[in-house]
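Shown next: run.pdb, given as PDB, C-alpha atoms.
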ATOM      1  CA  MET A   1     -40.676 -54.019  54.486
ATOM      2  CA  ALA A   2     -37.692 -54.396  52.163
ATOM      3  CA  SER A   3     -36.019 -57.780  52.091
ATOM      4  CA  MET A   4     -32.769 -58.331  53.931
ATOM      5  CA  ILE A   5     -29.538 -58.438  51.996
ATOM      6  CA  SER A   6     -27.650 -61.716  52.370
ATOM      7  CA  ALA A   7     -24.149 -61.820  53.822
ATOM      8  CA  LYS A   8     -22.931 -63.150  50.469
ATOM      9  CA  ASP A   9     -24.391 -60.155  48.644
ATOM     10  CA  VAL A  10     -22.717 -57.748  51.094
ATOM     11  CA  LEU A  11     -19.379 -59.438  50.469
ATOM     12  CA  ASP A  12     -20.015 -59.259  46.719
ATOM     13  CA  LEU A  13     -20.484 -55.475  47.004
ATOM     14  CA  ASN A  14     -17.188 -55.274  48.856
ATOM     15  CA  GLU A  15     -15.443 -57.507  46.319
ATOM     16  CA  ARG A  16     -16.724 -55.362  43.452
ATOM     17  CA  PHE A  17     -15.211 -52.279  45.110
ATOM     18  CA  TYR A  18     -11.730 -53.821  45.404
ATOM     19  CA  ARG A  19     -11.884 -55.167  41.849
ATOM     20  CA  ALA A  20     -12.625 -51.652  40.538
ATOM     21  CA  LEU A  21      -9.749 -50.348  42.629
ATOM     22  CA  GLU A  22      -7.298 -52.958  41.335
ATOM     23  CA  GLN A  23      -8.346 -52.357  37.753
ATOM     24  CA  ASN A  24      -8.135 -48.541  37.982
ATOM     25  CA  ASP A  25     -11.719 -48.589  36.714
ATOM     26  CA  LEU A  26     -13.314 -45.187  37.308
ATOM     27  CA  THR A  27     -16.548 -46.160  35.525
ATOM     28  CA  ALA A  28     -16.996 -49.159  37.806
ATOM     29  CA  MET A  29     -16.178 -46.975  40.818
ATOM     30  CA  GLU A  30     -18.851 -44.475  39.743
ATOM     31  CA  ALA A  31     -21.398 -47.295  39.571
ATOM     32  CA  ILE A  32     -20.438 -48.570  43.027
ATOM     33  CA  TRP A  33     -20.755 -45.265  44.916
ATOM     34  CA  SER A  34     -23.774 -43.190  45.811
ATOM     35  CA  HIS A  35     -23.409 -39.805  44.100
ATOM     36  CA  ASP A  36     -24.680 -37.581  46.865
ATOM     37  CA  ASP A  37     -23.230 -35.026  49.264
ATOM     38  CA  HIS A  38     -23.456 -37.455  52.156
ATOM     39  CA  VAL A  39     -20.702 -39.823  51.041
ATOM     40  CA  ARG A  40     -17.372 -39.831  52.870
ATOM     41  CA  CYS A  41     -14.024 -41.321  51.932
ATOM     42  CA  VAL A  42     -10.788 -41.575  53.911
ATOM     43  CA  HIS A  43      -7.817 -42.928  51.967
ATOM     44  CA  PRO A  44      -4.989 -44.183  54.241
ATOM     45  CA  GLY A  45      -3.342 -41.129  55.776
ATOM     46  CA  TRP A  46      -5.576 -38.613  53.983
ATOM     47  CA  ALA A  47      -8.037 -36.146  55.456
ATOM     48  CA  MET A  48     -11.699 -37.056  55.029
ATOM     49  CA  LEU A  49     -13.177 -36.322  51.618
ATOM     50  CA  VAL A  50     -16.741 -35.017  51.718
ATOM     51  CA  GLY A  51     -19.351 -35.509  49.002
ATOM     52  CA  TRP A  52     -19.276 -37.404  45.732
ATOM     53  CA  GLU A  53     -17.434 -34.742  43.710
ATOM     54  CA  GLU A  54     -14.396 -34.819  46.036
ATOM     55  CA  VAL A  55     -14.499 -38.595  46.303
ATOM     56  CA  ARG A  56     -14.730 -39.092  42.537
ATOM     57  CA  LYS A  57     -11.832 -36.684  41.946
ATOM     58  CA  SER A  58      -9.659 -38.653  44.396
ATOM     59  CA  TRP A  59     -10.265 -41.940  42.557
ATOM     60  CA  ARG A  60      -9.561 -40.257  39.220
ATOM     61  CA  ASP A  61      -6.264 -38.915  40.580
ATOM     62  CA  ILE A  62      -5.307 -42.264  42.140
ATOM     63  CA  PHE A  63      -6.125 -44.131  38.925
ATOM     64  CA  GLU A  64      -4.057 -41.688  36.839
ATOM     65  CA  THR A  65      -0.766 -42.552  38.573
ATOM     66  CA  ASP A  66       1.469 -45.227  37.073
ATOM     67  CA  THR A  67       1.134 -47.393  40.165
ATOM     68  CA  THR A  68      -0.740 -50.687  40.051
ATOM     69  CA  MET A  69      -2.218 -51.967  43.298
ATOM     70  CA  LYS A  70      -3.097 -55.537  44.138
ATOM     71  CA  PHE A  71      -5.372 -56.207  47.098
ATOM     72  CA  VAL A  72      -5.636 -59.323  49.213
ATOM     73  CA  ILE A  73      -8.559 -58.817  51.573
ATOM     74  CA  THR A  74      -8.471 -60.616  54.924
ATOM     75  CA  ASP A  75     -10.209 -60.492  58.318
ATOM     76  CA  ILE A  76     -13.515 -59.857  56.572
ATOM     77  CA  SER A  77     -16.589 -59.277  58.688
ATOM     78  CA  SER A  78     -19.965 -58.129  57.407
ATOM     79  CA  PHE A  79     -23.174 -56.927  58.982
ATOM     80  CA  SER A  80     -26.516 -55.682  57.709
ATOM     81  CA  ASP A  81     -29.729 -54.316  59.133
ATOM     82  CA  GLY A  82     -32.507 -52.925  56.936
ATOM     83  CA  ASN A  83     -31.126 -50.594  54.306
ATOM     84  CA  LEU A  84     -27.578 -50.415  55.664
ATOM     85  CA  ALA A  85     -24.706 -52.867  55.562
ATOM     86  CA  TRP A  86     -21.049 -52.713  56.261
ATOM     87  CA  VAL A  87     -17.868 -54.666  55.894
ATOM     88  CA  THR A  88     -14.740 -54.358  57.990
ATOM     89  CA  CYS A  89     -11.608 -55.883  56.545
ATOM     90  CA  THR A  90      -7.855 -55.689  56.286
ATOM     91  CA  GLU A  91      -6.464 -54.606  52.931
ATOM     92  CA  ASN A  92      -3.090 -56.231  52.209
ATOM     93  CA  ILE A  93      -1.801 -54.044  49.432
ATOM     94  CA  THR A  94       1.040 -54.632  46.993
ATOM     95  CA  THR A  95       1.916 -51.522  44.986
ATOM     96  CA  ILE A  96       3.864 -51.880  41.785
ATOM     97  CA  SER A  97       5.286 -48.949  39.870
ATOM     98  CA  GLU A  98       8.056 -48.689  37.286
ATOM     99  CA  ALA A  99      10.684 -48.069  39.927
ATOM    100  CA  GLU A 100       9.797 -50.384  42.764
ATOM    101  CA  MET A 101       7.259 -52.439  44.604
ATOM    102  CA  GLY A 102       6.006 -52.101  48.142
ATOM    103  CA  VAL A 103       3.642 -53.668  50.594
ATOM    104  CA  ALA A 104       1.254 -51.979  52.962
ATOM    105  CA  ALA A 105      -1.758 -52.818  55.053
ATOM    106  CA  ALA A 106      -4.844 -50.822  55.878
ATOM    107  CA  GLN A 107      -7.894 -51.364  58.017
ATOM    108  CA  SER A 108     -11.071 -50.537  56.210
ATOM    109  CA  THR A 109     -14.663 -49.884  57.174
ATOM    110  CA  ASN A 110     -16.940 -49.874  54.135
ATOM    111  CA  ILE A 111     -20.591 -48.851  54.476
ATOM    112  CA  PHE A 112     -23.279 -49.540  51.888
ATOM    113  CA  ARG A 113     -26.818 -48.173  51.745
ATOM    114  CA  ARG A 114     -29.839 -49.303  49.747
ATOM    115  CA  ILE A 115     -31.127 -46.276  47.866
ATOM    116  CA  ASP A 116     -34.167 -46.749  45.584
ATOM    117  CA  GLY A 117     -33.539 -50.499  45.642
ATOM    118  CA  GLN A 118     -29.855 -50.230  44.691
ATOM    119  CA  TRP A 119     -27.010 -50.883  47.109
ATOM    120  CA  LYS A 120     -24.388 -48.131  46.956
ATOM    121  CA  MET A 121     -21.184 -47.417  48.842
ATOM    122  CA  VAL A 122     -21.581 -44.369  51.070
ATOM    123  CA  ILE A 123     -18.475 -44.568  53.287
ATOM    124  CA  HIS A 124     -14.999 -45.960  52.677
ATOM    125  CA  HIS A 125     -12.681 -45.385  55.622
ATOM    126  CA  ALA A 126      -9.204 -46.909  55.284
ATOM    127  CA  SER A 127      -6.377 -46.282  57.706
ATOM    128  CA  PRO A 128      -2.770 -47.406  57.689
ATOM    129  CA  VAL A 129      -1.746 -50.162  60.082
ATOM    130  CA  PRO A 130       1.704 -51.317  61.114
ATOM    131  CA  THR A 131       3.083 -53.922  58.776
ATOM    132  CA  THR A 132       6.326 -55.748  58.140
ATOM    133  CA  VAL A 133       9.027 -53.430  56.884
ATOM    134  CA  ILE A 134      10.524 -54.682  53.651
ATOM    135  CA  ASP A 135      13.888 -53.804  52.208
ATOM    136  CA  HIS A 136      13.152 -51.663  49.175
ATOM    137  CA  GLU A 137      16.588 -52.418  47.728
ATOM    138  CA  ASP A 138      15.789 -56.111  47.679
ATOM    139  CA  SER A 139      12.251 -55.756  46.454
ATOM    140  CA  ARG A 140      13.026 -53.490  43.527
ATOM    141  CA  ILE A 141      11.890 -55.000  40.273
ATOM    142  CA  ALA A 142      14.832 -56.047  38.125
TER     143      ALA A 142
ATOM    144  CA  MET B   1     -41.776 -50.331  62.870
ATOM    145  CA  ALA B   2     -39.371 -48.723  65.312
ATOM    146  CA  SER B   3     -39.276 -44.935  65.395
ATOM    147  CA  MET B   4     -36.447 -43.067  63.741
ATOM    148  CA  ILE B   5     -33.697 -41.629  65.886
ATOM    149  CA  SER B   6     -33.336 -37.852  65.580
ATOM    150  CA  ALA B   7     -30.119 -36.265  64.331
ATOM    151  CA  LYS B   8     -29.784 -34.610  67.734
ATOM    152  CA  ASP B   9     -29.958 -37.970  69.518
ATOM    153  CA  VAL B  10     -27.276 -39.416  67.209
ATOM    154  CA  LEU B  11     -25.001 -36.484  68.013
ATOM    155  CA  ASP B  12     -25.735 -36.970  71.720
ATOM    156  CA  LEU B  13     -24.547 -40.599  71.471
ATOM    157  CA  ASN B  14     -21.367 -39.392  69.816
ATOM    158  CA  GLU B  15     -20.875 -36.662  72.421
ATOM    159  CA  ARG B  16     -21.325 -39.185  75.226
ATOM    160  CA  PHE B  17     -18.553 -41.337  73.728
ATOM    161  CA  TYR B  18     -16.033 -38.483  73.623
ATOM    162  CA  ARG B  19     -16.966 -37.367  77.151
ATOM    163  CA  ALA B  20     -16.244 -40.899  78.446
ATOM    164  CA  LEU B  21     -12.944 -40.852  76.563
ATOM    165  CA  GLU B  22     -11.911 -37.473  77.982
ATOM    166  CA  GLN B  23     -12.839 -38.518  81.481
ATOM    167  CA  ASN B  24     -11.028 -41.885  81.319
ATOM    168  CA  ASP B  25     -14.383 -43.347  82.369
ATOM    169  CA  LEU B  26     -14.362 -47.101  81.713
ATOM    170  CA  THR B  27     -17.805 -47.588  83.286
ATOM    171  CA  ALA B  28     -19.322 -45.026  80.930
ATOM    172  CA  MET B  29     -17.481 -46.618  78.010
ATOM    173  CA  GLU B  30     -18.925 -50.015  78.965
ATOM    174  CA  ALA B  31     -22.427 -48.524  78.925
ATOM    175  CA  ILE B  32     -21.878 -46.915  75.510
ATOM    176  CA  TRP B  33     -20.650 -50.014  73.657
ATOM    177  CA  SER B  34     -22.466 -53.145  72.606
ATOM    178  CA  HIS B  35     -20.827 -56.104  74.378
ATOM    179  CA  ASP B  36     -20.893 -58.609  71.559
ATOM    180  CA  ASP B  37     -18.356 -60.279  69.297
ATOM    181  CA  HIS B  38     -19.402 -58.124  66.355
ATOM    182  CA  VAL B  39     -17.941 -54.848  67.623
ATOM    183  CA  ARG B  40     -14.820 -53.423  65.992
ATOM    184  CA  CYS B  41     -12.466 -50.678  67.126
ATOM    185  CA  VAL B  42      -9.524 -49.071  65.350
ATOM    186  CA  HIS B  43      -7.517 -46.621  67.463
ATOM    187  CA  PRO B  44      -5.362 -44.269  65.364
ATOM    188  CA  GLY B  45      -2.476 -46.328  63.950
ATOM    189  CA  TRP B  46      -3.571 -49.554  65.650
ATOM    190  CA  ALA B  47      -4.660 -52.807  64.052
ATOM    191  CA  MET B  48      -8.383 -53.526  64.235
ATOM    192  CA  LEU B  49      -9.637 -54.872  67.545
ATOM    193  CA  VAL B  50     -12.302 -57.555  67.246
ATOM    194  CA  GLY B  51     -15.063 -58.221  69.779
ATOM    195  CA  TRP B  52     -15.977 -56.528  73.017
ATOM    196  CA  GLU B  53     -13.322 -58.197  75.186
ATOM    197  CA  GLU B  54     -10.452 -56.834  73.069
ATOM    198  CA  VAL B  55     -12.111 -53.452  72.745
ATOM    199  CA  ARG B  56     -12.758 -53.153  76.486
ATOM    200  CA  LYS B  57      -9.163 -54.123  77.282
ATOM    201  CA  SER B  58      -7.878 -51.388  74.950
ATOM    202  CA  TRP B  59      -9.924 -48.714  76.700
ATOM    203  CA  ARG B  60      -8.786 -49.978  80.087
ATOM    204  CA  ASP B  61      -5.135 -49.804  78.978
ATOM    205  CA  ILE B  62      -5.582 -46.342  77.445
ATOM    206  CA  PHE B  63      -7.294 -45.042  80.572
ATOM    207  CA  GLU B  64      -4.536 -46.422  82.809
ATOM    208  CA  THR B  65      -1.807 -44.231  81.278
ATOM    209  CA  ASP B  66      -0.998 -40.904  82.890
ATOM    210  CA  THR B  67      -2.031 -39.032  79.753
ATOM    211  CA  THR B  68      -5.108 -36.813  79.711
ATOM    212  CA  MET B  69      -6.776 -36.236  76.360
ATOM    213  CA  LYS B  70      -9.021 -33.339  75.420
ATOM    214  CA  PHE B  71     -11.180 -33.627  72.310
ATOM    215  CA  VAL B  72     -12.588 -30.873  70.150
ATOM    216  CA  ILE B  73     -14.865 -32.509  67.592
ATOM    217  CA  THR B  74     -15.321 -30.776  64.236
ATOM    218  CA  ASP B  75     -16.656 -31.582  60.734
ATOM    219  CA  ILE B  76     -19.472 -33.573  62.287
ATOM    220  CA  SER B  77     -21.893 -35.340  59.995
ATOM    221  CA  SER B  78     -24.546 -37.825  61.066
ATOM    222  CA  PHE B  79     -26.848 -40.219  59.315
ATOM    223  CA  SER B  80     -29.432 -42.775  60.391
ATOM    224  CA  ASP B  81     -31.694 -45.343  58.787
ATOM    225  CA  GLY B  82     -33.767 -47.784  60.810
ATOM    226  CA  ASN B  83     -31.694 -49.385  63.560
ATOM    227  CA  LEU B  84     -28.319 -48.044  62.441
ATOM    228  CA  ALA B  85     -26.769 -44.614  62.692
ATOM    229  CA  TRP B  86     -23.323 -43.220  62.214
ATOM    230  CA  VAL B  87     -21.286 -40.116  62.762
ATOM    231  CA  THR B  88     -18.188 -39.052  60.858
ATOM    232  CA  CYS B  89     -16.084 -36.378  62.488
ATOM    233  CA  THR B  90     -12.626 -34.992  62.984
ATOM    234  CA  GLU B  91     -11.114 -35.441  66.431
ATOM    235  CA  ASN B  92      -8.800 -32.561  67.355
ATOM    236  CA  ILE B  93      -6.888 -34.054  70.245
ATOM    237  CA  THR B  94      -4.719 -32.387  72.849
ATOM    238  CA  THR B  95      -2.735 -34.866  74.936
ATOM    239  CA  ILE B  96      -1.339 -33.808  78.269
ATOM    240  CA  SER B  97       1.068 -35.913  80.307
ATOM    241  CA  GLU B  98       3.524 -35.036  83.063
ATOM    242  CA  ALA B  99       6.319 -34.452  80.595
ATOM    243  CA  GLU B 100       4.707 -32.665  77.695
ATOM    244  CA  MET B 101       1.666 -31.847  75.682
ATOM    245  CA  GLY B 102       0.921 -32.572  72.064
ATOM    246  CA  VAL B 103      -1.722 -32.115  69.437
ATOM    247  CA  ALA B 104      -3.028 -34.598  66.935
ATOM    248  CA  ALA B 105      -5.967 -35.061  64.643
ATOM    249  CA  ALA B 106      -7.883 -38.151  63.654
ATOM    250  CA  GLN B 107     -10.736 -38.908  61.299
ATOM    251  CA  SER B 108     -13.384 -41.007  62.927
ATOM    252  CA  THR B 109     -16.302 -43.089  61.738
ATOM    253  CA  ASN B 110     -18.547 -44.105  64.639
ATOM    254  CA  ILE B 111     -21.415 -46.546  64.077
ATOM    255  CA  PHE B 112     -24.291 -47.091  66.486
ATOM    256  CA  ARG B 113     -26.928 -49.804  66.414
ATOM    257  CA  ARG B 114     -30.274 -50.073  68.193
ATOM    258  CA  ILE B 115     -30.288 -53.394  70.038
ATOM    259  CA  ASP B 116     -33.369 -54.263  72.121
ATOM    260  CA  GLY B 117     -34.389 -50.610  72.047
ATOM    261  CA  GLN B 118     -30.995 -49.316  73.242
ATOM    262  CA  TRP B 119     -28.529 -47.493  70.994
ATOM    263  CA  LYS B 120     -25.021 -48.891  71.349
ATOM    264  CA  MET B 121     -21.692 -48.176  69.689
ATOM    265  CA  VAL B 122     -20.640 -51.080  67.464
ATOM    266  CA  ILE B 123     -17.783 -49.573  65.446
ATOM    267  CA  HIS B 124     -15.237 -46.865  66.259
ATOM    268  CA  HIS B 125     -12.720 -46.376  63.482
ATOM    269  CA  ALA B 126     -10.243 -43.547  64.009
ATOM    270  CA  SER B 127      -7.253 -42.873  61.777
ATOM    271  CA  PRO B 128      -4.459 -40.337  62.009
ATOM    272  CA  VAL B 129      -4.534 -37.366  59.661
ATOM    273  CA  PRO B 130      -1.777 -34.891  58.867
ATOM    274  CA  THR B 131      -1.762 -31.987  61.276
ATOM    275  CA  THR B 132       0.379 -29.001  62.134
ATOM    276  CA  VAL B 133       3.701 -30.019  63.640
ATOM    277  CA  ILE B 134       4.320 -28.282  66.942
ATOM    278  CA  ASP B 135       7.643 -27.707  68.632
ATOM    279  CA  HIS B 136       7.673 -30.028  71.614
ATOM    280  CA  GLU B 137      10.349 -27.958  73.324
ATOM    281  CA  ASP B 138       8.083 -24.911  73.296
ATOM    282  CA  SER B 139       4.952 -26.778  74.255
ATOM    283  CA  ARG B 140       6.410 -28.587  77.253
ATOM    284  CA  ILE B 141       4.497 -27.764  80.408
ATOM    285  CA  ALA B 142       6.542 -25.615  82.753
TER     286      ALA B 142
END
So, in terms of structure tokens, how does the structure I just supplied come out?
Amino acid sequence: MASMISAKDVLDLNERFYRALEQNDLTAMEAIWSHDDHVRCVHPGWAMLVGWEEVRKSWRDIFETDTTMKFVITDISSFSDGNLAWVTCTENITTISEAEMGVAAAQSTNIFRRIDGQWKMVIHHASPVPTTVIDHEDSRIA
Amino acid sequence: MASMISAKDVLDLNERFYRALEQNDLTAMEAIWSHDDHVRCVHPGWAMLVGWEEVRKSWRDIFETDTTMKFVITDISSFSDGNLAWVTCTENITTISEAEMGVAAAQSTNIFRRIDGQWKMVIHHASPVPTTVIDHEDSRIA
């Protein structure tokens, strides 16, 4: 029987995902995800993307915009059993583009699966949650 | 080693959940969910609910409104490994109250876990997705 993954290692997988996201790092994102037809990805407010090709294309498109995103991850909870593990967390997102900055929050469920001894992301499901409304006039970068 | 759950049985678990939801059946919902602190539930647009007590209260509150919901589930995909299984699907929702009816769609990730030989829901994460806007004046029930 395969060894259990530790809670720390599950959180490290999750951390690696958000670091790739913050750094607009498509190569890191490719290494994090499973590349099969079974993967699913829901960006906040998007329809579900099905299969690695669609998911990869979405990250490429997101990383090609001029917006930088910073993530503070809170309310983290992890769980594992056998070859599956997941993290639920709140993403506190600051977006910074040339014109302005904004804040948003999303709830995320991230599922990882051990495939041939390697842990890979197979589902990322993020959905918008109510957050404090900020005054965009005030928050605009000078 | 515990036997694998069949794809059909995973879909049956999912179907049972939506039947309980349609029927405003809190007793059925209680039987479907694991009752521990680890469960998580995100209703479309809500913040994440943590632990069975919060989750149960949300279903009770939802079931106490005068709104009836009908679900047509599409884009169903299921997966299982060992003691965990999940379904991703699109919920096509028709809401009917005294005053009006509406349509909505949500993407859902539903995770089930085998605990002491019984399969229980441990995560329901549903998020709103763009859908066709309908004219509420025209759709109002006569």
Expansion of the ChimeraX specification (/B :<7) & /A into residues, as an MDAnalysis selection string: chainID A and resid 45:48 81:83 107 127:129
Target residues per the PyMOL selection byres ((chain B and resi 65-68) around 9), formatted as a list in words: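 That selection, the PyMOL selection byres ((chain B and resi 65-68) around 9), comes back as Glu22, Gln23, Asn24, Asp61, Ile62, Phe63, Glu64, Met69, Lys70, Thr94, Thr95, Ile96, Ser97 and Glu98 of chain B.
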Could you take the residues named above and write them with C-alpha atoms, as an mmCIF file, keeping the file's coordinate frame?
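What follows is the written file part_12.cif:
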data_model
loop_
_atom_site.group_PDB
_atom_site.id
_atom_site.type_symbol
_atom_site.label_atom_id
_atom_site.label_comp_id
_atom_site.auth_asym_id
_atom_site.auth_seq_id
_atom_site.Cartn_x
_atom_site.Cartn_y
_atom_site.Cartn_z
ATOM 1 C CA GLU B 22 -11.911 -37.473 77.982
ATOM 2 C CA GLN B 23 -12.839 -38.518 81.481
ATOM 3 C CA ASN B 24 -11.028 -41.885 81.319
ATOM 4 C CA ASP B 61 -5.135 -49.804 78.978
ATOM 5 C CA ILE B 62 -5.582 -46.342 77.445
ATOM 6 C CA PHE B 63 -7.294 -45.042 80.572
ATOM 7 C CA GLU B 64 -4.536 -46.422 82.809
ATOM 8 C CA MET B 69 -6.776 -36.236 76.360
ATOM 9 C CA LYS B 70 -9.021 -33.339 75.420
ATOM 10 C CA THR B 94 -4.719 -32.387 72.849
ATOM 11 C CA THR B 95 -2.735 -34.866 74.936
ATOM 12 C CA ILE B 96 -1.339 -33.808 78.269
ATOM 13 C CA SER B 97 1.068 -35.913 80.307
ATOM 14 C CA GLU B 98 3.524 -35.036 83.063
#
Gap from atom CA of Arg16 of chain B to atom CA of Ile32 of chain B - Å, one decimal: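 Taking atom CA of Arg16 of chain B as the start and atom CA of Ile32 of chain B as the end point, the length is 7.8 Å.
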For Val72 of chain A: contacts at 7 Å, only C-alpha atoms, fewer than 6 positions along chain excluded, given as a ChimeraX atom specification: /A:91-93
Is it possible to get the superposed chain B, fitted on chain A over all Cα pairs by sequence order, as a compact mmCIF listing (two decimals) with C-alpha atoms, in the coordinates of the input?
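In the end it all went to selection-v1.txt:
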# COMPACT_ATOMS: atom_id res chain seq x y z
CA MET B 1 -40.71 -53.94 54.32
CA ALA B 2 -37.70 -54.37 52.06
CA SER B 3 -36.02 -57.77 52.05
CA MET B 4 -32.79 -58.30 53.91
CA ILE B 5 -29.55 -58.43 51.97
CA SER B 6 -27.67 -61.72 52.36
CA ALA B 7 -24.17 -61.83 53.84
CA LYS B 8 -22.96 -63.15 50.49
CA ASP B 9 -24.40 -60.15 48.65
CA VAL B 10 -22.72 -57.75 51.10
CA LEU B 11 -19.39 -59.45 50.49
CA ASP B 12 -20.01 -59.27 46.74
CA LEU B 13 -20.47 -55.48 47.00
CA ASN B 14 -17.19 -55.27 48.87
CA GLU B 15 -15.43 -57.51 46.35
CA ARG B 16 -16.71 -55.38 43.48
CA PHE B 17 -15.20 -52.28 45.12
CA TYR B 18 -11.73 -53.82 45.43
CA ARG B 19 -11.88 -55.19 41.87
CA ALA B 20 -12.62 -51.66 40.56
CA LEU B 21 -9.73 -50.35 42.65
CA GLU B 22 -7.29 -52.97 41.36
CA GLN B 23 -8.34 -52.37 37.79
CA ASN B 24 -8.11 -48.55 38.01
CA ASP B 25 -11.70 -48.61 36.73
CA LEU B 26 -13.29 -45.20 37.32
CA THR B 27 -16.51 -46.18 35.52
CA ALA B 28 -16.97 -49.17 37.82
CA MET B 29 -16.15 -46.99 40.82
CA GLU B 30 -18.82 -44.49 39.72
CA ALA B 31 -21.37 -47.31 39.56
CA ILE B 32 -20.43 -48.58 43.03
CA TRP B 33 -20.73 -45.28 44.91
CA SER B 34 -23.75 -43.20 45.79
CA HIS B 35 -23.39 -39.81 44.07
CA ASP B 36 -24.67 -37.59 46.84
CA ASP B 37 -23.22 -35.04 49.23
CA HIS B 38 -23.46 -37.47 52.14
CA VAL B 39 -20.68 -39.82 51.02
CA ARG B 40 -17.37 -39.83 52.87
CA CYS B 41 -14.01 -41.33 51.94
CA VAL B 42 -10.79 -41.58 53.92
CA HIS B 43 -7.81 -42.94 51.98
CA PRO B 44 -5.01 -44.20 54.25
CA GLY B 45 -3.35 -41.14 55.82
CA TRP B 46 -5.58 -38.65 53.99
CA ALA B 47 -8.03 -36.17 55.46
CA MET B 48 -11.69 -37.07 55.03
CA LEU B 49 -13.17 -36.33 51.63
CA VAL B 50 -16.73 -35.01 51.71
CA GLY B 51 -19.35 -35.53 48.99
CA TRP B 52 -19.26 -37.41 45.73
CA GLU B 53 -17.41 -34.76 43.71
CA GLU B 54 -14.37 -34.83 46.03
CA VAL B 55 -14.48 -38.59 46.30
CA ARG B 56 -14.70 -39.09 42.54
CA LYS B 57 -11.80 -36.70 41.95
CA SER B 58 -9.64 -38.68 44.41
CA TRP B 59 -10.27 -41.94 42.58
CA ARG B 60 -9.54 -40.28 39.25
CA ASP B 61 -6.23 -38.92 40.59
CA ILE B 62 -5.29 -42.27 42.15
CA PHE B 63 -6.10 -44.13 38.94
CA GLU B 64 -4.03 -41.70 36.86
CA THR B 65 -0.74 -42.57 38.60
CA ASP B 66 1.49 -45.23 37.10
CA THR B 67 1.13 -47.40 40.20
CA THR B 68 -0.73 -50.70 40.08
CA MET B 69 -2.22 -51.96 43.33
CA LYS B 70 -3.11 -55.54 44.17
CA PHE B 71 -5.39 -56.22 47.13
CA VAL B 72 -5.65 -59.33 49.24
CA ILE B 73 -8.57 -58.83 51.62
CA THR B 74 -8.47 -60.63 54.97
CA ASP B 75 -10.25 -60.50 58.37
CA ILE B 76 -13.53 -59.85 56.60
CA SER B 77 -16.61 -59.28 58.71
CA SER B 78 -19.99 -58.12 57.43
CA PHE B 79 -23.19 -56.93 58.99
CA SER B 80 -26.53 -55.67 57.71
CA ASP B 81 -29.75 -54.30 59.12
CA GLY B 82 -32.52 -52.93 56.93
CA ASN B 83 -31.13 -50.58 54.29
CA LEU B 84 -27.58 -50.40 55.64
CA ALA B 85 -24.73 -52.86 55.55
CA TRP B 86 -21.06 -52.70 56.27
CA VAL B 87 -17.88 -54.66 55.90
CA THR B 88 -14.75 -54.35 58.02
CA CYS B 89 -11.62 -55.88 56.57
CA THR B 90 -7.87 -55.69 56.32
CA GLU B 91 -6.47 -54.61 52.97
CA ASN B 92 -3.11 -56.25 52.25
CA ILE B 93 -1.81 -54.06 49.46
CA THR B 94 1.02 -54.64 47.03
CA THR B 95 1.92 -51.54 45.03
CA ILE B 96 3.84 -51.88 41.81
CA SER B 97 5.28 -48.93 39.90
CA GLU B 98 8.05 -48.67 37.32
CA ALA B 99 10.66 -48.06 39.97
CA GLU B 100 9.76 -50.39 42.79
CA MET B 101 7.22 -52.43 44.62
CA GLY B 102 6.00 -52.12 48.17
CA VAL B 103 3.63 -53.67 50.63
CA ALA B 104 1.24 -51.99 53.00
CA ALA B 105 -1.76 -52.83 55.09
CA ALA B 106 -4.85 -50.83 55.90
CA GLN B 107 -7.91 -51.36 58.06
CA SER B 108 -11.08 -50.54 56.23
CA THR B 109 -14.67 -49.89 57.19
CA ASN B 110 -16.94 -49.87 54.14
CA ILE B 111 -20.60 -48.86 54.48
CA PHE B 112 -23.27 -49.53 51.88
CA ARG B 113 -26.80 -48.17 51.74
CA ARG B 114 -29.83 -49.31 49.74
CA ILE B 115 -31.11 -46.27 47.85
CA ASP B 116 -34.13 -46.75 45.56
CA GLY B 117 -33.53 -50.49 45.63
CA GLN B 118 -29.84 -50.24 44.67
CA TRP B 119 -26.99 -50.89 47.10
CA LYS B 120 -24.37 -48.15 46.95
CA MET B 121 -21.16 -47.43 48.83
CA VAL B 122 -21.57 -44.37 51.07
CA ILE B 123 -18.48 -44.57 53.29
CA HIS B 124 -14.99 -45.96 52.69
CA HIS B 125 -12.68 -45.38 55.63
CA ALA B 126 -9.22 -46.91 55.31
CA SER B 127 -6.38 -46.30 57.74
CA PRO B 128 -2.77 -47.43 57.73
CA VAL B 129 -1.75 -50.19 60.11
CA PRO B 130 1.73 -51.30 61.12
CA THR B 131 3.11 -53.90 58.77
CA THR B 132 6.36 -55.71 58.10
CA VAL B 133 9.04 -53.38 56.79
CA ILE B 134 10.54 -54.66 53.57
CA ASP B 135 13.90 -53.77 52.10
CA HIS B 136 13.16 -51.62 49.09
CA GLU B 137 16.56 -52.36 47.59
CA ASP B 138 15.77 -56.08 47.52
CA SER B 139 12.22 -55.68 46.34
CA ARG B 140 12.98 -53.39 43.41
CA ILE B 141 11.79 -54.90 40.15
CA ALA B 142 14.70 -55.97 37.98
Best match for closeness to Val55 of chain B among B:Trp33, B:Asp12, B:Ile73, B:Val103, counting only C-alpha atoms: B:Trp33
Nearest-residue call for Thr27 of chain A, choices A:Glu15, A:Cys41, A:Arg60, A:Ala104, using only C-alpha atoms: A:Arg60
Interatomic distance (Å, one decimal) between atom CA of Ile5 of chain A and atom CA of Arg56 of chain A: 26.1 Å
Starting from 3 Å padding per side, set up an axis-aligned box that covers all listed atoms of segment 23-42 of chain B and hand over centre and edge lengths in Å, one decimal, as JSON.
{"center_x": -16.0, "center_y": -49.4, "center_z": 74.3, "size_x": 18.9, "size_y": 27.8, "size_z": 23.9}
d(atom CA of Trp52 of chain A, atom CA of Phe112 of chain A) in Å: 14.2 Å
Distance criterion (only C-alpha atoms): nearest to Arg114 of chain B out of B:Ala20, B:Ser34, B:Ala28, B:Glu54: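 Using only C-alpha atoms, the shortest distance to Arg114 of chain B belongs to B:Ser34.
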